[in-house]
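Chemist: Submitted below is the structure of interest, expressed as structure tokens.
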Amino acid sequence: MIPLSWYLILAAALFVIGLFGVLVRRNAVAILLGVELMLNAVNINLVSFWRYGDVSSMAGQVFAVIVFAVAAAEVSVGLALVISVYRRRNTVVADELDLMKW
Amino acid sequence: MNFWNDPLKVAATWLEGIFTGWGMDAVLAHVLVVFLGVFLLVTILMVLDIFLVWIERKVVARFQDRIGPNRLGPFGLIQPFADIIKLIIKEDTTPDGADKVVYNLAPILSMMSVLILWAVVPLAPVMLGIDLNVGVLFLIAAGAIGTLSIIMAGWSSNNKFAMIGGFRQVAVMVAFEVPMLAMLMIPTIFASSMNMNAIIEAQNIWYFIISPLGALIFLVAAIAELGRAPFDLAEGESELVAGFNIEYSGMKFGMFYAGELLHAFTFGGFWAILFFGGYRFFGLEQVSPFLAILILVIKAMVGYWVIMWVKYTMMRIRIDQMLGFNWKFLTPLSFALVLVTALMNTLLRGADSWLYVTGMFLSNVVVGWIALEIARSVARRERERLEGPTKVVEAQH
Amino acid sequence: MTGEQIIFLIVALFTLGSALMVVTTRNLIHAALWLVATLFGVAVIYALLNAGFMAVVQVVVYIGAIAILFIFAVMLTRKDLRDNTPQTNKNWWAGALVAVLTFAGLVFTLQGWSGFSKTAAAIPSGFDAISQLGEQLTSPAAYVLPFEVASVLLLAALVGAVYVAFNKK
């Protein structure tokens, strides 16, 4: 049997890899890729807590489903913003999108 | 337990006995036997695929008033083998600037996305790869891999035509996944299960009779998903030369081609399973699993023939027409149908079976009729906007 | 070590390896394709956790929609980001440090928790996770409100995405 700790460590590792991507990448699309990794790590945690806790209470899976919906919404709006920014500024490098910075 | 009643289990137990007899670990022997089963199924499908080439060519020839392959062997049966030899000995080219790994991975993924579908196909009451309780969703999941393979092929070829073809195909597949998923909900509502086997077992009356509109919309969405005419915009020979597979040659092209044929046959099979009772045919499936497989294959062939029939009698439509058709007509219609079906199912749950069937059938007819009336009035308004009011001309008899 | 553990380790290594490729590879299309590999690995993890529905939905939603959307977005915004320019900003070492520290902190915190190394109880026979999930998602006593809110959120995202990305000529 696999202990719960394995899943939690996997999720933690996936989360920090995503975090690294978000902090380090220059391209806005790549930053969103990192956010996706982080959301997946959270989902692994939710589903493994469902499996290792009370199976008949579906809270873990329900919240994982809601994370799916949130992820889909986040990606569609986020990428729409990136494409819109690209049309106006002709760049998607996060450092160069500095119009609001003084 | 005798071989003719449950051949798969008997063979598996026998093989596992042999392997453990050789001193093999029981778990390892089981894994090996499962692997052999998968290998056998895939091999049978690939061999079937070879004959699908022949069937396709013969049928298209009949539609176009020709004879088709008739030189090699009886009825040209050896022709597909000649085709394969040609594909294998052709030069295998990779375009300059292509992304080699992705370019070579795409045809494999394309073929895989079709073969993986057969994991959930119940061939007979006791013969199915895996009794997945989300079998219906698995269909969509495998389609997602197919979409991915096409966009990979289109992008990695480093060719504008391939890229446009890939874009188009993805736009189409993502769009038509919506009505398809909605139509998969209809057998799910009737059988109250997403398990393929449970859906077949629940079909004492074919779901085609209960929900003819659902079966039709599923077929349309399936054809779009397959990328066959009238929805073959990804290939679009007249405008895109060959679309996403333009740069592929030899067996890599062969993989796309064989994948497409097998995919069409597979969707014929799923149409049969979801709406035509799968392997069931007046209790004949109880006689022997082999008979059940035969029934399923015949039904799948009929479905495949319908898909070919559509392909060779319809012309290709434009991409904007096609997406407009999906988003403005098919998707709202399929959602309305799912709502009405769920409502009727709740209302008629306890009723007699003839009342249930009649009520469901009539609700389908009403939904379809309303949809057609709306489409007709919208089209008339559109026509009048473009051409001015039409004069009603009395028919002269 | 049981077979299940070996499978878990292989899948976990594959998932983490492809996740690393997502954040380090220079070619963004490759990054998106590595993301597909990662998502697939996560789907297998769900299957190992007996959550078949989640595994299939993962493939349908993430690979079938989100990853494809990413590939589209990369292709549509590709002009000036050549594959040979550095893809990381100059503070990458600080990012790596934060990531490693976060990981260490997470593992350290989890270590002290009593339920950290517990094993799963067997799923009771006849338990159907899908019908349970469906009932709880639509039951007023359970999660119908979050479910409806999620659907409103999706609708809002749909309208918002169309509005933001629409090219006003």
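Scheme for the structure tokens: letters A, B, ... for chains in order shown; per-chain residue numbers from 1; ligand numbers from 1 in order shown.
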Tell me, as a PyMOL selection string, which residues lie within 6 Å of Ala165 in chain C, counting only C-alpha atoms; anything in the same chain fewer than 2 positions away does not count.
Modeler: (chain A and resi 80+84) or (chain C and resi 161-163)
Chemist: As a list in words, could you give me every residue of chain C near chain B (at most 10 Å apart, counting only C-alpha atoms)?
Modeler: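 Using only C-alpha atoms, chain C residues at most 10 Å from chain B: Gly3, Ile29, His30, Leu33, Val36, Gly52, Phe53, Met54, Ala55, Val56, Val57, Gln58, Val59, Val60, Val61, Tyr62, Ile63, Gly64, Ala65, Ala67, Ile68, Leu69, Ile71, Phe72, Met75, Asp128, Ala129, Ile130 and Ser131 of chain C.
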Chemist: For Gly17 in chain C, work out the shell of residues within 10 Å, counting only C-alpha atoms and skipping chain neighbours fewer than 3 positions away, then give it as a PyMOL selection string.
Modeler: (chain A and resi 14+17) or (chain C and resi 11-14+20-22+34+37-38)
Chemist: Let me see the file: selected residues, C-alpha atoms, as an mmCIF file, in the first residue's frame.
Modeler:
```cif
data_model
loop_
_atom_site.group_PDB
_atom_site.id
_atom_site.type_symbol
_atom_site.label_atom_id
_atom_site.label_comp_id
_atom_site.auth_asym_id
_atom_site.auth_seq_id
_atom_site.Cartn_x
_atom_site.Cartn_y
_atom_site.Cartn_z
ATOM 1 C CA LEU A 14 4.753 19.574 -8.329
ATOM 2 C CA ILE A 17 7.999 23.322 -9.665
ATOM 3 C CA VAL C 11 4.529 7.719 -12.691
ATOM 4 C CA ALA C 12 5.649 10.248 -10.081
ATOM 5 C CA LEU C 13 9.125 10.494 -11.594
ATOM 6 C CA PHE C 14 7.621 10.883 -15.064
ATOM 7 C CA LEU C 20 10.550 20.320 -14.734
ATOM 8 C CA MET C 21 10.723 20.354 -18.517
ATOM 9 C CA VAL C 22 7.609 22.580 -18.588
ATOM 10 C CA TRP C 34 5.470 18.623 -21.703
ATOM 11 C CA ALA C 37 2.726 14.761 -20.363
ATOM 12 C CA THR C 38 2.530 16.096 -16.805
#
```
Chemist: From the set B:Phe176, B:Phe256, B:Trp22, B:Trp14, which residue has the shortest atom-to-atom contact distance to Trp327 in chain B, counting only C-alpha atoms?
Modeler: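 The answer is B:Phe176, which sits nearest to Trp327 in chain B.
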Chemist: Could you tell me how far CA of Ala61 in chain B sits from CA of Gly76 in chain B, in Å to one decimal place?
Modeler: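 A separation of 12.3 Å between them.
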Chemist: Excluding Ile210 in chain B and any residue of its chain fewer than 6 positions from it, enumerate the residues within 8 Å of it, using only C-alpha atoms, and give them as a PDB file with C-alpha atoms, in the first residue's frame.
Modeler:
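Ended up saving to result-v5.pdb:
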```pdb
ATOM      1  CA  VAL B 357     -41.151   4.745 -25.528  1.00  0.00           C
ATOM      2  CA  THR B 358     -43.956   6.718 -27.179  1.00  0.00           C
ATOM      3  CA  MET B 360     -39.719   9.777 -25.478  1.00  0.00           C
ATOM      4  CA  PHE B 361     -40.091   9.342 -29.221  1.00  0.00           C
TER       5      PHE B 361
END
```
Chemist: Would you mind telling me which residue in C:Ala94, C:Leu155, C:Val74, C:Leu16 lies nearest to Val82 in chain A when using only C-alpha atoms?
Modeler: C:Val74
Chemist: What is the CA of Val365 in chain B-CA of Ile209 in chain B distance in Å, reported with one decimal?
Modeler: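 So the two atoms, CA of Val365 in chain B and CA of Ile209 in chain B, lie 11.2 Å apart.
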Chemist: Any chance you could list, as JSON, numbers by chain, the residues in range 142-311 of chain B that come up alpha helix (DSSP H) when DSSP is run on the backbone?
Modeler: {"B": [142, 143, 144, 145, 146, 147, 148, 149, 150, 151, 152, 153, 154, 155, 156, 160, 161, 162, 163, 164, 165, 166, 167, 168, 169, 170, 171, 172, 173, 174, 175, 176, 177, 178, 179, 180, 181, 182, 183, 184, 185, 186, 187, 188, 189, 190, 191, 196, 197, 198, 199, 200, 201, 207, 208, 209, 210, 212, 213, 214, 215, 216, 217, 218, 219, 220, 221, 222, 223, 224, 225, 226, 237, 238, 239, 240, 250, 251, 252, 253, 254, 255, 256, 257, 258, 259, 260, 261, 262, 263, 264, 265, 266, 267, 268, 269, 270, 271, 272, 273, 274, 275, 289, 290, 291, 292, 293, 294, 295, 296, 297, 298, 299, 300, 301, 302, 303, 304, 305, 306, 307, 308, 309, 310, 311]}
Chemist: Now that the selection is made, can you save its residues with C-alpha atoms as a CSV table (one decimal), in the first residue's frame?
Modeler:
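out32.csv written:
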```csv
chain,number,residue,atom,x,y,z
B,142,ALA,CA,-9.4,9.4,-26.3
B,143,GLY,CA,-10.7,12.0,-28.8
B,144,ALA,CA,-8.7,14.7,-26.9
B,145,ILE,CA,-5.5,12.7,-27.6
B,146,GLY,CA,-6.5,12.5,-31.3
B,147,THR,CA,-6.9,16.3,-31.4
B,148,LEU,CA,-3.5,16.7,-29.8
B,149,SER,CA,-1.9,14.4,-32.4
B,150,ILE,CA,-3.3,16.5,-35.3
B,151,ILE,CA,-2.1,19.8,-33.9
B,152,MET,CA,1.3,18.2,-33.2
B,153,ALA,CA,1.5,17.0,-36.8
B,154,GLY,CA,0.3,20.4,-38.2
B,155,TRP,CA,2.8,22.4,-36.1
B,156,SER,CA,5.9,20.2,-36.4
B,160,LYS,CA,1.8,26.7,-43.6
B,161,PHE,CA,-0.8,24.4,-45.1
B,162,ALA,CA,-0.2,21.8,-42.4
B,163,MET,CA,-0.5,24.5,-39.8
B,164,ILE,CA,-3.8,25.8,-41.1
B,165,GLY,CA,-5.1,22.3,-41.4
B,166,GLY,CA,-4.2,21.6,-37.8
B,167,PHE,CA,-5.8,24.8,-36.6
B,168,ARG,CA,-9.0,24.0,-38.5
B,169,GLN,CA,-9.2,20.5,-37.2
B,170,VAL,CA,-8.7,21.6,-33.6
B,171,ALA,CA,-11.4,24.3,-34.0
B,172,VAL,CA,-13.7,21.7,-35.3
B,173,MET,CA,-13.0,19.0,-32.8
B,174,VAL,CA,-13.2,21.2,-29.8
B,175,ALA,CA,-16.5,22.6,-31.1
B,176,PHE,CA,-18.1,19.3,-31.9
B,177,GLU,CA,-17.0,17.7,-28.7
B,178,VAL,CA,-19.8,19.7,-27.0
B,179,PRO,CA,-22.8,18.2,-28.8
B,180,MET,CA,-21.1,14.9,-28.7
B,181,LEU,CA,-20.7,15.0,-24.9
B,182,ALA,CA,-24.3,16.1,-24.6
B,183,MET,CA,-25.5,13.2,-26.8
B,184,LEU,CA,-23.5,10.8,-24.7
B,185,MET,CA,-25.5,11.9,-21.8
B,186,ILE,CA,-28.7,10.5,-23.4
B,187,PRO,CA,-27.8,6.8,-23.2
B,188,THR,CA,-26.4,7.6,-19.7
B,189,ILE,CA,-29.8,9.1,-18.6
B,190,PHE,CA,-31.7,6.1,-20.0
B,191,ALA,CA,-29.3,3.4,-18.5
B,196,MET,CA,-20.7,0.7,-21.8
B,197,ASN,CA,-21.8,-2.8,-20.8
B,198,ALA,CA,-24.5,-1.5,-18.5
B,199,ILE,CA,-25.8,0.7,-21.4
B,200,ILE,CA,-26.0,-2.3,-23.6
B,201,GLU,CA,-27.7,-4.5,-21.0
B,207,TYR,CA,-32.1,3.8,-27.8
B,208,PHE,CA,-32.4,4.7,-31.5
B,209,ILE,CA,-36.1,4.2,-31.2
B,210,ILE,CA,-36.4,6.1,-27.9
B,212,PRO,CA,-33.7,9.1,-32.8
B,213,LEU,CA,-32.7,12.7,-32.7
B,214,GLY,CA,-30.0,11.9,-30.2
B,215,ALA,CA,-28.6,9.2,-32.4
B,216,LEU,CA,-28.6,11.5,-35.4
B,217,ILE,CA,-26.8,14.3,-33.6
B,218,PHE,CA,-24.3,11.8,-32.2
B,219,LEU,CA,-23.6,10.6,-35.8
B,220,VAL,CA,-23.1,14.2,-37.0
B,221,ALA,CA,-20.7,15.0,-34.2
B,222,ALA,CA,-18.9,11.7,-34.7
B,223,ILE,CA,-18.4,12.5,-38.4
B,224,ALA,CA,-17.0,15.9,-37.4
B,225,GLU,CA,-14.8,14.3,-34.8
B,226,LEU,CA,-13.5,11.9,-37.4
B,237,GLU,CA,-7.5,18.8,-50.7
B,238,SER,CA,-8.7,21.7,-53.0
B,239,GLU,CA,-7.6,24.5,-50.7
B,240,LEU,CA,-4.9,23.0,-48.3
B,250,GLY,CA,5.4,6.4,-46.5
B,251,MET,CA,4.2,4.5,-43.4
B,252,LYS,CA,3.8,7.7,-41.3
B,253,PHE,CA,1.1,8.9,-43.7
B,254,GLY,CA,-0.2,5.3,-43.6
B,255,MET,CA,-0.6,5.5,-39.9
B,256,PHE,CA,-2.8,8.6,-40.3
B,257,TYR,CA,-4.8,7.0,-43.1
B,258,ALA,CA,-5.2,3.7,-41.3
B,259,GLY,CA,-6.1,5.5,-38.1
B,260,GLU,CA,-8.8,7.5,-39.8
B,261,LEU,CA,-10.4,4.3,-41.3
B,262,LEU,CA,-10.2,2.5,-38.0
B,263,HIS,CA,-11.6,5.5,-36.2
B,264,ALA,CA,-14.6,5.6,-38.6
B,265,PHE,CA,-15.2,1.9,-38.0
B,266,THR,CA,-14.8,2.4,-34.2
B,267,PHE,CA,-17.3,5.2,-34.2
B,268,GLY,CA,-19.7,3.0,-36.2
B,269,GLY,CA,-19.2,0.5,-33.3
B,270,PHE,CA,-19.9,3.1,-30.7
B,271,TRP,CA,-23.0,4.3,-32.5
B,272,ALA,CA,-24.1,0.7,-32.5
B,273,ILE,CA,-23.3,0.3,-28.8
B,274,LEU,CA,-24.9,3.5,-27.6
B,275,PHE,CA,-28.0,3.5,-29.8
B,289,PRO,CA,-19.7,-14.9,-27.3
B,290,PHE,CA,-18.4,-15.4,-30.8
B,291,LEU,CA,-21.9,-14.8,-32.2
B,292,ALA,CA,-22.1,-11.7,-30.0
B,293,ILE,CA,-18.8,-10.4,-31.5
B,294,LEU,CA,-20.1,-11.1,-35.0
B,295,ILE,CA,-23.3,-9.2,-34.3
B,296,LEU,CA,-21.3,-6.2,-33.0
B,297,VAL,CA,-19.0,-6.2,-36.0
B,298,ILE,CA,-22.0,-6.4,-38.4
B,299,LYS,CA,-23.6,-3.5,-36.6
B,300,ALA,CA,-20.4,-1.5,-36.6
B,301,MET,CA,-20.0,-2.2,-40.3
B,302,VAL,CA,-23.5,-0.8,-40.9
B,303,GLY,CA,-22.6,2.3,-38.9
B,304,TYR,CA,-19.3,2.5,-40.9
B,305,TRP,CA,-21.3,2.2,-44.1
B,306,VAL,CA,-23.6,5.1,-43.1
B,307,ILE,CA,-20.5,7.2,-42.3
B,308,MET,CA,-19.1,6.3,-45.8
B,309,TRP,CA,-22.5,7.0,-47.4
B,310,VAL,CA,-22.4,10.5,-45.9
B,311,LYS,CA,-18.8,11.0,-46.9
```
Chemist: Measuring between only C-alpha atoms, which one of C:Gly95, C:Pro140, C:Gly126, C:Gly112 shows the shortest distance to chain A?
Modeler: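 Comparing C:Gly95, C:Pro140, C:Gly126, C:Gly112 against chain A, the winner is C:Gly95.
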Chemist: Compile the residues of chain C that lie within 7 Å of chain A, evaluated using only C-alpha atoms, and express the compilation as a PyMOL selection string.
Modeler: chain C and resi 5+12+16+19-20+23+49+66+73-74+77+80+87-89+91-92+95-96+99+102-103+106-107+116-121+133+137+150+154+157+160-161+164-165
